[in-house]
>>> print(open('my_file-v5.cif').read())   # mmCIF, C-alpha atoms
data_query
loop_
_atom_site.label_atom_id
_atom_site.label_comp_id
_atom_site.auth_asym_id
_atom_site.auth_seq_id
_atom_site.Cartn_x
_atom_site.Cartn_y
_atom_site.Cartn_z
CA MET A 1479 17.59 -18.52 38.81
CA VAL A 1480 16.26 -21.61 37.04
CA SER A 1481 14.90 -20.90 33.55
CA SER A 1482 11.28 -21.69 32.73
CA LEU A 1483 11.06 -23.80 29.57
CA ALA A 1484 8.07 -24.87 27.50
CA ALA A 1485 7.32 -25.95 23.96
CA LEU A 1486 4.31 -26.02 21.63
CA ARG A 1487 3.90 -28.14 18.52
CA GLY A 1488 1.41 -28.00 15.67
CA PRO A 1489 0.62 -26.25 12.40
CA ALA A 1490 1.66 -22.60 12.76
CA VAL A 1491 1.23 -19.34 10.91
CA THR A 1492 2.74 -15.91 11.36
CA LEU A 1493 3.21 -12.72 9.36
CA VAL A 1494 6.73 -11.58 8.52
CA ASP A 1495 6.04 -8.38 6.58
CA ASP A 1496 3.37 -5.96 5.36
CA PRO A 1497 0.99 -7.47 2.77
CA PHE A 1498 -0.37 -4.03 1.94
CA ALA A 1499 3.09 -3.15 0.59
CA GLN A 1500 3.99 -6.39 -1.22
CA ALA A 1501 2.51 -9.69 -2.35
CA SER A 1502 0.49 -11.28 0.43
CA ARG A 1503 1.95 -14.78 0.05
CA ALA A 1504 5.49 -13.43 0.52
CA CYS A 1505 4.46 -12.00 3.89
CA LEU A 1506 3.05 -15.23 5.32
CA GLN A 1507 5.12 -17.91 7.02
CA TYR A 1508 3.38 -21.26 7.45
CA HIS A 1509 4.65 -24.58 8.77
CA GLU A 1510 2.47 -27.69 8.62
CA ASP A 1511 4.24 -29.04 11.71
CA ALA A 1512 6.05 -26.39 13.75
CA LEU A 1513 7.82 -26.13 17.07
CA VAL A 1514 7.71 -23.07 19.30
CA LEU A 1515 10.37 -23.28 22.01
CA ILE A 1516 9.78 -20.87 24.90
CA GLU A 1517 12.18 -19.77 27.63
CA ASP A 1518 11.19 -17.38 30.43
CA GLY A 1519 8.18 -16.11 28.51
CA THR A 1520 10.08 -15.40 25.29
CA ILE A 1521 10.22 -17.43 22.09
CA ARG A 1522 13.69 -18.99 21.85
CA ALA A 1523 13.17 -20.87 18.58
CA PHE A 1524 10.45 -21.23 15.94
CA GLY A 1525 10.42 -23.34 12.81
CA PRO A 1526 9.68 -26.78 11.37
CA TYR A 1527 9.46 -29.44 14.05
CA ALA A 1528 11.65 -31.83 12.05
CA GLU A 1529 14.48 -29.27 12.09
CA LEU A 1530 14.15 -28.21 15.72
CA ARG A 1531 13.07 -31.37 17.54
CA ASP A 1532 16.61 -32.06 18.76
CA THR A 1533 16.78 -28.63 20.43
CA VAL A 1534 14.01 -29.48 22.90
CA PRO A 1535 15.69 -29.92 26.31
CA ASP A 1536 15.41 -33.23 28.09
CA GLY A 1537 12.32 -33.42 30.27
CA ILE A 1538 10.29 -31.04 28.10
CA THR A 1539 7.41 -32.58 26.15
CA PRO A 1540 5.86 -30.17 23.64
CA GLU A 1541 2.14 -29.53 24.03
CA HIS A 1542 0.81 -30.86 20.76
CA PHE A 1543 -2.10 -29.33 18.83
CA PRO A 1544 -2.57 -31.40 15.66
CA GLY A 1545 -5.34 -30.12 13.43
CA HIS A 1546 -5.14 -26.66 15.01
CA LEU A 1547 -3.20 -23.52 14.14
CA LEU A 1548 -0.64 -21.80 16.35
CA ALA A 1549 -0.70 -18.04 15.77
CA PRO A 1550 0.46 -14.85 17.49
CA GLY A 1551 -1.97 -13.56 20.10
CA PHE A 1552 -4.34 -10.96 18.68
CA ILE A 1553 -3.77 -7.25 19.39
CA ASP A 1554 -6.71 -4.87 19.88
CA THR A 1555 -5.73 -1.24 19.31
CA HIS A 1556 -8.95 0.43 20.49
CA VAL A 1557 -11.41 -0.78 23.13
CA HIS A 1558 -13.32 0.62 26.14
CA TYR A 1559 -13.52 -1.82 29.03
CA PRO A 1560 -16.12 0.26 30.97
CA GLN A 1561 -18.51 -0.03 28.04
CA LEU A 1562 -18.79 -3.80 28.31
CA GLN A 1563 -22.04 -3.35 30.22
CA MET A 1564 -23.73 -1.54 27.34
CA ILE A 1565 -22.48 -3.48 24.33
CA GLY A 1566 -25.34 -3.95 21.90
CA ALA A 1567 -27.28 -0.91 23.15
CA PHE A 1568 -29.96 0.07 20.64
CA GLY A 1569 -28.64 2.32 17.91
CA ALA A 1570 -28.08 6.00 17.83
CA GLN A 1571 -25.40 8.04 16.12
CA LEU A 1572 -22.21 8.84 17.96
CA LEU A 1573 -22.97 11.99 19.94
CA GLU A 1574 -26.47 10.91 21.01
CA TRP A 1575 -25.11 7.43 21.80
CA LEU A 1576 -22.50 8.93 24.14
CA ASP A 1577 -25.12 10.89 26.05
CA THR A 1578 -27.69 8.07 26.17
CA TYR A 1579 -25.50 5.07 26.96
CA THR A 1580 -21.79 5.72 27.37
CA PHE A 1581 -21.68 8.47 29.95
CA PRO A 1582 -24.28 6.84 32.25
CA ALA A 1583 -22.36 3.54 32.07
CA GLU A 1584 -19.08 5.23 32.91
CA MET A 1585 -20.60 7.09 35.87
CA SER A 1586 -21.19 3.71 37.52
CA PHE A 1587 -17.40 3.33 37.74
CA ALA A 1588 -17.38 5.78 40.63
CA ASP A 1589 -17.86 2.52 42.56
CA ALA A 1590 -14.42 0.88 42.79
CA ALA A 1591 -15.95 -2.56 43.38
CA HIS A 1592 -17.89 -2.23 40.13
CA ALA A 1593 -14.69 -1.34 38.27
CA GLU A 1594 -12.97 -4.43 39.67
CA ARG A 1595 -15.87 -6.67 38.70
CA VAL A 1596 -15.97 -5.42 35.11
CA ALA A 1597 -12.18 -5.51 34.75
CA LYS A 1598 -12.15 -9.20 35.73
CA LEU A 1599 -14.81 -10.07 33.19
CA PHE A 1600 -13.22 -7.93 30.48
CA LEU A 1601 -9.75 -9.48 30.79
CA ARG A 1602 -11.18 -12.97 30.68
CA GLU A 1603 -13.28 -12.20 27.62
CA LEU A 1604 -10.23 -10.82 25.82
CA LEU A 1605 -8.31 -14.01 26.53
CA ARG A 1606 -11.30 -16.12 25.46
CA ALA A 1607 -11.11 -14.31 22.13
CA GLY A 1608 -7.36 -14.94 21.80
CA THR A 1609 -6.45 -11.30 22.41
CA THR A 1610 -3.28 -10.94 24.46
CA THR A 1611 -2.60 -7.20 24.12
CA ALA A 1612 -5.05 -4.31 23.98
CA MET A 1613 -4.98 -0.52 24.10
CA VAL A 1614 -7.75 0.21 26.57
CA TYR A 1615 -9.79 3.23 27.65
CA CYS A 1616 -10.69 3.30 31.35
CA THR A 1617 -12.90 6.06 32.83
CA VAL A 1618 -12.12 9.42 34.42
CA HIS A 1619 -11.82 7.66 37.80
CA PRO A 1620 -8.21 6.74 38.69
CA HIS A 1621 -9.35 3.57 40.44
CA SER A 1622 -10.78 2.32 37.11
CA VAL A 1623 -7.17 2.26 35.86
CA ASP A 1624 -5.95 0.58 39.03
CA ALA A 1625 -8.62 -2.10 38.71
CA PHE A 1626 -7.74 -2.81 35.09
CA PHE A 1627 -3.98 -2.94 35.53
CA ALA A 1628 -4.26 -5.02 38.70
CA GLU A 1629 -6.25 -7.66 36.83
CA SER A 1630 -3.89 -7.54 33.86
CA GLU A 1631 -0.95 -7.96 36.21
CA ARG A 1632 -2.54 -11.12 37.62
CA PHE A 1633 -2.61 -12.64 34.13
CA ASN A 1634 0.76 -11.09 33.17
CA THR A 1635 -0.76 -9.69 29.97
CA ARG A 1636 0.90 -6.93 27.99
CA MET A 1637 -1.69 -4.15 28.26
CA ILE A 1638 -1.73 -0.44 27.47
CA ALA A 1639 -4.35 1.70 29.25
CA GLY A 1640 -5.09 5.06 30.79
CA LYS A 1641 -7.50 7.33 32.64
CA VAL A 1642 -9.86 9.26 30.39
CA LEU A 1643 -9.34 13.04 30.42
CA MET A 1644 -12.46 15.21 30.07
CA ASP A 1645 -12.85 18.76 31.35
CA ARG A 1646 -15.91 19.93 29.36
CA ASN A 1647 -18.99 18.80 27.40
CA ALA A 1648 -19.73 15.77 29.57
CA PRO A 1649 -21.81 15.13 32.73
CA ALA A 1650 -20.37 16.83 35.82
CA PRO A 1651 -19.56 13.54 37.62
CA LEU A 1652 -17.25 12.60 34.73
CA LEU A 1653 -15.36 15.89 34.49
CA ASP A 1654 -11.91 16.60 35.84
CA THR A 1655 -9.87 19.75 35.21
CA ALA A 1656 -6.76 20.22 33.12
CA GLN A 1657 -4.63 20.27 36.26
CA ARG A 1658 -6.35 17.45 38.13
CA GLY A 1659 -6.39 15.26 35.03
CA HIS A 1660 -2.66 15.88 34.61
CA ASP A 1661 -1.84 15.17 38.24
CA GLU A 1662 -3.97 12.03 38.48
CA SER A 1663 -2.53 10.72 35.22
CA LEU A 1664 1.02 11.42 36.40
CA ALA A 1665 0.40 9.49 39.61
CA LEU A 1666 -0.95 6.55 37.58
CA ILE A 1667 2.08 6.71 35.28
CA GLU A 1668 4.39 6.50 38.27
CA ARG A 1669 2.40 3.59 39.70
CA TRP A 1670 1.92 1.47 36.57
CA HIS A 1671 4.01 2.42 33.55
CA GLY A 1672 6.63 -0.25 33.02
CA ARG A 1673 5.49 -2.28 36.02
CA GLY A 1674 5.79 -5.82 34.74
CA ARG A 1675 4.09 -5.82 31.35
CA GLN A 1676 1.79 -2.83 32.04
CA LEU A 1677 2.17 0.36 29.99
CA TYR A 1678 0.46 3.71 30.36
CA CYS A 1679 -1.50 5.58 27.71
CA VAL A 1680 -2.39 9.28 28.02
CA THR A 1681 -6.10 9.32 27.15
CA PRO A 1682 -8.04 12.47 26.25
CA ARG A 1683 -11.40 11.05 25.17
CA PHE A 1684 -11.72 13.24 22.10
CA ALA A 1685 -11.19 16.89 21.26
CA PRO A 1686 -14.74 18.09 22.08
CA THR A 1687 -14.46 16.96 25.72
CA SER A 1688 -11.08 18.60 26.35
CA THR A 1689 -10.15 22.27 26.41
CA ASP A 1690 -6.97 23.54 24.80
CA ALA A 1691 -5.46 23.60 28.28
CA GLN A 1692 -6.19 19.92 28.84
CA LEU A 1693 -4.85 18.88 25.45
CA GLU A 1694 -1.66 20.82 26.18
CA ALA A 1695 -1.44 19.10 29.58
CA ALA A 1696 -1.74 15.76 27.76
CA GLY A 1697 1.17 16.80 25.58
CA ALA A 1698 3.19 17.65 28.68
CA LEU A 1699 2.42 14.23 30.15
CA LEU A 1700 3.79 12.52 27.06
CA LYS A 1701 7.11 14.28 27.65
CA SER A 1702 7.23 13.30 31.33
CA ARG A 1703 8.51 9.77 30.83
CA ASP A 1704 9.89 7.63 28.02
CA GLY A 1705 7.72 5.10 26.24
CA LEU A 1706 4.28 6.53 27.00
CA PHE A 1707 1.41 6.07 24.56
CA LEU A 1708 -1.43 8.36 23.46
CA GLN A 1709 -4.95 7.32 22.49
CA THR A 1710 -7.97 9.35 21.47
CA HIS A 1711 -10.70 9.50 18.82
CA LEU A 1712 -10.53 11.13 15.41
CA CYS A 1713 -12.95 11.84 12.55
CA GLU A 1714 -15.45 9.15 13.55
CA ASN A 1715 -18.72 10.82 12.61
CA PRO A 1716 -19.63 13.79 10.35
CA GLY A 1717 -21.49 15.59 13.16
CA GLU A 1718 -18.48 15.15 15.45
CA VAL A 1719 -16.12 16.53 12.79
CA GLU A 1720 -18.32 19.60 12.37
CA TRP A 1721 -18.48 20.10 16.15
CA VAL A 1722 -14.68 20.05 16.34
CA ARG A 1723 -14.55 22.66 13.57
CA GLU A 1724 -16.82 24.91 15.63
CA LEU A 1725 -14.90 24.37 18.89
CA PHE A 1726 -11.44 24.86 17.35
CA PRO A 1727 -11.90 27.41 14.51
CA ALA A 1728 -8.18 28.23 14.41
CA ARG A 1729 -7.15 24.69 13.55
CA SER A 1730 -6.95 23.51 9.94
CA SER A 1731 -8.38 20.03 10.64
CA TYR A 1732 -9.49 17.69 13.42
CA LEU A 1733 -6.05 16.07 13.41
CA ASP A 1734 -4.41 19.50 13.56
CA VAL A 1735 -6.13 20.06 16.92
CA TYR A 1736 -4.10 17.19 18.30
CA ALA A 1737 -0.94 18.09 16.40
CA HIS A 1738 -1.02 21.61 17.83
CA ALA A 1739 -0.92 20.10 21.33
CA GLY A 1740 1.97 17.77 20.51
CA LEU A 1741 -0.13 14.60 20.46
CA VAL A 1742 0.57 13.36 16.91
CA ARG A 1743 3.69 11.22 17.18
CA PRO A 1744 4.93 7.62 17.31
CA ARG A 1745 2.93 5.49 19.78
CA SER A 1746 -0.11 7.73 19.23
CA MET A 1747 -3.23 5.78 18.26
CA PHE A 1748 -6.24 7.56 16.77
CA GLY A 1749 -9.46 5.58 16.82
CA HIS A 1750 -11.76 5.36 13.77
CA ALA A 1751 -10.36 8.03 11.39
CA VAL A 1752 -13.27 7.37 9.04
CA HIS A 1753 -13.58 10.86 7.55
CA MET A 1754 -9.93 11.59 6.81
CA HIS A 1755 -8.41 13.69 4.02
CA GLU A 1756 -5.16 13.11 2.18
CA HIS A 1757 -3.31 15.83 4.08
CA ASP A 1758 -4.12 14.12 7.39
CA PHE A 1759 -2.99 10.73 6.06
CA CYS A 1760 0.28 12.38 5.07
CA THR A 1761 0.66 13.85 8.55
CA CYS A 1762 0.19 10.42 10.11
CA HIS A 1763 2.72 8.92 7.70
CA GLN A 1764 5.29 11.63 8.45
CA THR A 1765 4.89 11.46 12.23
CA GLY A 1766 4.51 7.68 12.64
CA ALA A 1767 1.11 8.01 14.30
CA GLY A 1768 -1.26 5.03 14.01
CA LEU A 1769 -4.93 4.63 13.15
CA ALA A 1770 -7.27 2.04 14.70
CA HIS A 1771 -9.70 0.51 12.21
CA CYS A 1772 -12.92 -0.33 14.10
CA PRO A 1773 -15.32 -1.80 11.53
CA THR A 1774 -17.99 -3.31 13.78
CA SER A 1775 -18.36 -0.01 15.64
CA ASN A 1776 -18.44 2.13 12.51
CA LEU A 1777 -21.11 -0.08 10.97
CA PHE A 1778 -23.14 -0.34 14.18
CA LEU A 1779 -23.34 3.43 14.67
CA GLY A 1780 -23.56 4.16 10.95
CA SER A 1781 -20.44 6.33 11.17
CA GLY A 1782 -19.02 5.48 7.74
CA LEU A 1783 -16.46 3.28 6.00
CA PHE A 1784 -12.80 3.49 6.96
CA LYS A 1785 -10.52 4.03 3.93
CA LEU A 1786 -8.20 1.13 4.70
CA PHE A 1787 -6.52 0.84 1.32
CA GLU A 1788 -6.12 4.62 1.03
CA ALA A 1789 -4.53 4.71 4.49
CA THR A 1790 -2.10 1.90 3.69
CA ASP A 1791 -1.16 3.21 0.24
CA PRO A 1792 2.50 2.14 -0.21
CA ARG A 1793 3.38 5.59 -1.55
CA ARG A 1794 2.88 7.06 1.95
CA PRO A 1795 1.72 4.21 4.19
CA VAL A 1796 0.03 4.95 7.48
CA LYS A 1797 0.31 2.41 10.30
CA VAL A 1798 -3.09 0.80 10.85
CA GLY A 1799 -4.17 -1.57 13.60
CA LEU A 1800 -7.45 -3.36 14.26
CA GLY A 1801 -9.81 -2.33 17.05
CA THR A 1802 -13.00 -3.86 18.41
CA ASP A 1803 -14.19 -0.59 20.03
CA VAL A 1804 -16.50 -2.34 22.46
CA GLY A 1805 -19.12 -1.05 23.42
CA ALA A 1806 -20.06 0.51 20.06
CA GLY A 1807 -18.25 -2.45 18.57
CA THR A 1808 -20.28 -5.61 18.83
CA SER A 1809 -17.64 -8.22 19.68
CA LEU A 1810 -14.28 -8.57 21.42
CA SER A 1811 -13.35 -11.22 18.85
CA GLN A 1812 -10.80 -10.04 16.31
CA LEU A 1813 -12.01 -12.82 14.00
CA GLN A 1814 -15.50 -11.31 13.96
CA THR A 1815 -13.95 -7.87 13.58
CA LEU A 1816 -12.03 -9.06 10.51
CA ASN A 1817 -15.28 -10.43 9.10
CA GLU A 1818 -16.70 -6.91 9.14
CA ALA A 1819 -13.42 -5.35 7.96
CA TYR A 1820 -13.68 -7.47 4.82
CA LYS A 1821 -17.18 -6.15 4.15
CA VAL A 1822 -16.17 -2.53 4.78
CA ALA A 1823 -13.33 -2.90 2.28
CA ALA A 1824 -15.66 -4.57 -0.25
CA LEU A 1825 -18.15 -1.71 -0.01
CA ALA A 1826 -15.30 0.67 -0.80
CA GLY A 1827 -14.32 -1.34 -3.87
CA HIS A 1828 -11.45 -3.38 -2.41
CA LYS A 1829 -10.91 -6.97 -1.33
CA LEU A 1830 -9.21 -7.62 2.01
CA ASP A 1831 -7.49 -10.98 1.73
CA ALA A 1832 -6.84 -13.27 4.69
CA VAL A 1833 -3.13 -12.49 4.92
CA GLN A 1834 -3.88 -8.76 5.06
CA GLY A 1835 -6.57 -9.42 7.65
CA PHE A 1836 -4.37 -11.44 9.98
CA TYR A 1837 -1.64 -8.84 9.53
CA LEU A 1838 -4.00 -6.16 10.83
CA ALA A 1839 -4.86 -8.28 13.88
CA THR A 1840 -1.25 -9.20 14.72
CA LEU A 1841 1.93 -7.73 13.26
CA GLY A 1842 0.19 -4.69 11.76
CA SER A 1843 -1.27 -3.72 15.12
CA ALA A 1844 2.10 -4.33 16.76
CA ARG A 1845 3.75 -2.02 14.24
CA ALA A 1846 1.08 0.61 14.74
CA LEU A 1847 1.89 0.52 18.46
CA GLY A 1848 5.64 0.60 17.84
CA PHE A 1849 6.00 -2.82 19.45
CA ASP A 1850 6.75 -5.06 16.49
CA ASP A 1851 10.18 -5.87 17.91
CA ARG A 1852 8.48 -7.97 20.59
CA LEU A 1853 4.81 -8.52 19.71
CA GLY A 1854 2.72 -9.72 16.78
CA ARG A 1855 4.92 -12.54 15.44
CA LEU A 1856 6.03 -16.05 16.16
CA ALA A 1857 9.76 -15.40 16.04
CA PRO A 1858 12.83 -15.76 18.28
CA GLY A 1859 13.09 -12.87 20.72
CA HIS A 1860 9.37 -12.12 20.66
CA GLU A 1861 7.15 -12.43 23.71
CA ALA A 1862 5.39 -15.80 23.77
CA ASP A 1863 1.82 -14.51 23.54
CA ILE A 1864 0.12 -17.15 21.40
CA CYS A 1865 -3.39 -18.21 20.51
CA VAL A 1866 -4.27 -21.69 19.30
CA LEU A 1867 -7.00 -21.56 16.67
CA ASP A 1868 -9.38 -24.42 15.98
CA PRO A 1869 -10.63 -24.53 12.37
CA HIS A 1870 -13.06 -27.30 13.38
CA ALA A 1871 -14.69 -25.43 16.27
CA THR A 1872 -18.23 -25.83 14.90
CA PRO A 1873 -19.74 -28.45 12.59
CA LEU A 1874 -20.04 -25.86 9.82
CA MET A 1875 -16.42 -24.75 10.22
CA ALA A 1876 -15.23 -28.36 10.24
CA PHE A 1877 -17.20 -29.06 7.07
CA ARG A 1878 -15.90 -25.93 5.34
CA ALA A 1879 -12.31 -26.58 6.45
CA GLY A 1880 -12.43 -29.88 4.58
CA TYR A 1881 -12.75 -27.94 1.34
CA CYS A 1882 -9.95 -25.45 1.99
CA ALA A 1883 -7.15 -26.10 -0.49
CA SER A 1884 -4.56 -23.71 0.99
CA ILE A 1885 -3.57 -22.02 4.22
CA GLU A 1886 -4.93 -18.76 2.80
CA GLU A 1887 -8.35 -20.34 2.30
CA LEU A 1888 -8.28 -21.74 5.82
CA LEU A 1889 -7.38 -18.33 7.29
CA PHE A 1890 -10.14 -16.68 5.29
CA MET A 1891 -12.63 -19.23 6.57
CA LEU A 1892 -11.49 -18.49 10.15
CA MET A 1893 -11.86 -14.72 9.68
CA THR A 1894 -15.36 -15.01 8.22
CA LEU A 1895 -16.89 -17.90 10.19
CA GLY A 1896 -14.75 -17.77 13.33
CA ASP A 1897 -15.41 -16.22 16.73
CA ASP A 1898 -14.32 -16.95 20.32
CA ARG A 1899 -15.37 -20.59 19.87
CA ALA A 1900 -12.49 -20.96 17.40
CA VAL A 1901 -9.92 -20.11 20.09
CA ARG A 1902 -8.80 -23.40 21.59
CA ALA A 1903 -6.22 -21.91 23.99
CA THR A 1904 -4.46 -18.66 24.81
CA TYR A 1905 -0.89 -18.40 26.08
CA VAL A 1906 0.52 -15.35 27.84
CA ALA A 1907 4.30 -15.15 28.16
CA GLY A 1908 4.42 -18.87 27.44
CA GLN A 1909 1.83 -19.97 30.01
CA ARG A 1910 -1.62 -21.28 29.13
CA VAL A 1911 -4.05 -18.89 30.79
CA TYR A 1912 -7.15 -19.96 28.83
CA ASP A 1913 -8.15 -23.45 27.73
CA ARG A 1914 -11.53 -23.77 26.08
CA ASP A 1915 -11.68 -27.49 26.77
CA ARG A 1916 -10.56 -27.45 30.40
CA ALA A 1917 -13.20 -28.87 32.72
CA GLY A 1918 -14.59 -26.29 35.12
CA ASP A 1919 -12.99 -22.85 34.91
CA PRO A 1920 -11.25 -22.42 31.53
CA PHE A 1921 -9.07 -19.62 32.95
CA HIS A 1922 -5.88 -20.15 34.89
CA LEU A 1923 -3.66 -17.50 36.46
CA PRO A 1924 -0.01 -17.98 35.51
CA ASP A 1925 2.40 -19.51 38.00
CA ALA A 1926 3.99 -16.16 38.88
CA ALA A 1927 0.63 -14.86 40.07
#
>>> encode(input="my_file-v5.cif", output="structure tokens")
Amino acid sequence: MVSSLAALRGPAVTLVDDPFAQASRACLQYHEDALVLIEDGTIRAFGPYAELRDTVPDGITPEHFPGHLLAPGFIDTHVHYPQLQMIGAFGAQLLEWLDTYTFPAEMSFADAAHAERVAKLFLRELLRAGTTTAMVYCTVHPHSVDAFFAESERFNTRMIAGKVLMDRNAPAPLLDTAQRGHDESLALIERWHGRGRQLYCVTPRFAPTSTDAQLEAAGALLKSRDGLFLQTHLCENPGEVEWVRELFPARSSYLDVYAHAGLVRPRSMFGHAVHMHEHDFCTCHQTGAGLAHCPTSNLFLGSGLFKLFEATDPRRPVKVGLGTDVGAGTSLSQLQTLNEAYKVAALAGHKLDAVQGFYLATLGSARALGFDDRLGRLAPGHEADICVLDPHATPLMAFRAGYCASIEELLFMLMTLGDDRAVRATYVAGQRVYDRDRAGDPFHLPDAA
């Protein structure tokens, strides 16, 4: 088989370690003129262009992005693709919001054609935002999972997704049973998990919509095959926390409900975790479970302020990733999400610097997913999922960039003023699947598709 070779050149930035555990500058790698050499979808070499230029094979001309910034593709650890149709719905708190907007929107996914239409838009909007991997909630309908993975497979994106499990406290058309949810999930696992770059995530929506039997069935699913993921919601809203206490009086905490069912483990991702206590942080640290910080959603619904710096305390660090949580979240852009993450931290008395922010959106999210050996960095052996950022995307950004005296200042400007307009191009496994400046359709299916 003939190898596929490609190369990118331009200023480049990547995280190499955790800036919540050590000095931020020591965790950032920046080259003013870098080369990324790609072979068969994997980064073969990365470093200063002057040092690597002679390694570029004959016949390969690097795609050059002067004045831009090559970066790892963003990773979204918590998002609902079926809720794209009700993003920006007028405010209510969590439980009322679910009944008023979320459940009616998800009932429309009984129509397989509707699921396919939304999946196509959703994948393209992720790529427009520079997001190359996401952990995604589908609906209770198995074909919603099929539609999502089929579209992801066309773009060859590394995606993690699953069918929502709900067997109580939701409208009848959205309910399954513990057994049916298990069986449908198992069939989807067999069909999609490990197929190309697709990975399956066991997905009980949250404790109030699953009985003990269904949560135990979810635990059994996780044991059915290696490498499965788990996603659900945790401690998002005070009313929700109280409801869980009433529904599960024998459990010591909301997290303990999941732990009792065997769901708190590596590759488990708990969305929101706003109202957490120290004991639960310790449990996450001990088990390797991750938390998804969803600032735009928490602010939009008035749920509260995530304790980011308490969660990442180096004395017992918890793995934290960044999530957009569309539709309660108000943007699929991780740059906009970082803008709000900074404000949430500031309100809690902390300052989130740009290196910490970009860590959350890249390597930190990869570590929270247990995938930092292949995602979240520009480094040899990592998958070549790359976004090209444009610090001059708008007149204001271009003006402000002219006054940035360091790469840290430039990154901070991007995470406070940037949005999808600042994404010049997105590469998936080394192939450019989105090009903002391409005439006509900016999206392009990779050659393998």
>>> resolve_selection(input="my_file-v5.cif", expression="the PyMOL selection byres ((chain A and resi 1578-1588) around 7)", output="PDB file with C-alpha atoms, in the frame of the given file")
ATOM      1  CA  PRO A1560     -16.120   0.260  30.970  1.00  0.00           C
ATOM      2  CA  GLN A1561     -18.510  -0.030  28.040  1.00  0.00           C
ATOM      3  CA  MET A1564     -23.730  -1.540  27.340  1.00  0.00           C
ATOM      4  CA  GLU A1574     -26.470  10.910  21.010  1.00  0.00           C
ATOM      5  CA  TRP A1575     -25.110   7.430  21.800  1.00  0.00           C
ATOM      6  CA  LEU A1576     -22.500   8.930  24.140  1.00  0.00           C
ATOM      7  CA  ASP A1577     -25.120  10.890  26.050  1.00  0.00           C
ATOM      8  CA  ASP A1589     -17.860   2.520  42.560  1.00  0.00           C
ATOM      9  CA  ALA A1590     -14.420   0.880  42.790  1.00  0.00           C
ATOM     10  CA  HIS A1592     -17.890  -2.230  40.130  1.00  0.00           C
ATOM     11  CA  ALA A1593     -14.690  -1.340  38.270  1.00  0.00           C
ATOM     12  CA  THR A1617     -12.900   6.060  32.830  1.00  0.00           C
ATOM     13  CA  HIS A1619     -11.820   7.660  37.800  1.00  0.00           C
ATOM     14  CA  SER A1622     -10.780   2.320  37.110  1.00  0.00           C
ATOM     15  CA  PRO A1651     -19.560  13.540  37.620  1.00  0.00           C
ATOM     16  CA  LEU A1652     -17.250  12.600  34.730  1.00  0.00           C
TER      17      LEU A1652
END
>>> closest_residue(input="my_file-v5.cif", among="A:His1922, A:Ala1823, A:Phe1787, A:Leu1486", to="Thr1539 of chain A", atoms="all atoms listed in the file")
A:Leu1486
>>> atom_distance(input="my_file-v5.cif", atom1="atom CA of His1542 of chain A", atom2="atom CA of Pro1924 of chain A")
19.6 Å
>>> atom_distance(input="my_file-v5.cif", atom1="atom CA of Gln1692 of chain A", atom2="atom CA of Tyr1615 of chain A")
17.1 Å
>>> closest_residue(input="my_file-v5.cif", among="A:Met1893, A:Leu1562, A:Ala1685, A:Val1906", to="Ile1521 of chain A", atoms="only C-alpha atoms")
A:Val1906
>>> residues_around(input="my_file-v5.cif", residues="Arg1658 of chain A", least_positions_apart="2", cutoff="12 Å", atoms="all atoms listed in the file", output="PyMOL selection string")
chain A and resi 1618-1620+1641-1645+1653-1656+1660-1665+1691-1692+1695-1696
>>> resolve_selection(input="my_file-v5.cif", expression="the PyMOL selection byres ((chain A and resi 1784) around 10)", output="list of chain:residue names")
A:Glu1714, A:His1750, A:Ala1751, A:Val1752, A:His1753, A:Met1754, A:Ala1770, A:His1771, A:Cys1772, A:Pro1773, A:Asn1776, A:Leu1777, A:Ser1781, A:Gly1782, A:Leu1783, A:Lys1785, A:Leu1786, A:Phe1787, A:Glu1788, A:Ala1789, A:Ala1819, A:Val1822, A:Ala1823, A:Ala1826
>>> closest_residue(input="my_file-v5.cif", among="A:Val1596, A:Leu1693, A:Val1494, A:Leu1847", to="Asp1554 of chain A", atoms="only C-alpha atoms")
A:Leu1847
>>> atom_distance(input="my_file-v5.cif", atom1="atom CA of Gly1608 of chain A", atom2="atom CA of Thr1904 of chain A")
5.6 Å
>>> resolve_selection(input="my_file-v5.cif", expression="the PyMOL selection byres ((chain A and resi 1863-1867) around 7)", output="VMD selection string")
chain A and resid 1546 to 1551 1608 1610 1861 to 1862 1868 to 1869 1900 to 1908
>>> closest_residue(input="my_file-v5.cif", among="A:Val1514, A:Ala1728, A:Ala1485, A:Ala1846", to="Arg1743 of chain A", atoms="all atoms listed in the file")
A:Ala1846
>>> closest_residue(input="my_file-v5.cif", among="A:Gln1812, A:Gly1566, A:Asp1690, A:Glu1631", to="Ser1843 of chain A", atoms="all atoms listed in the file")
A:Gln1812
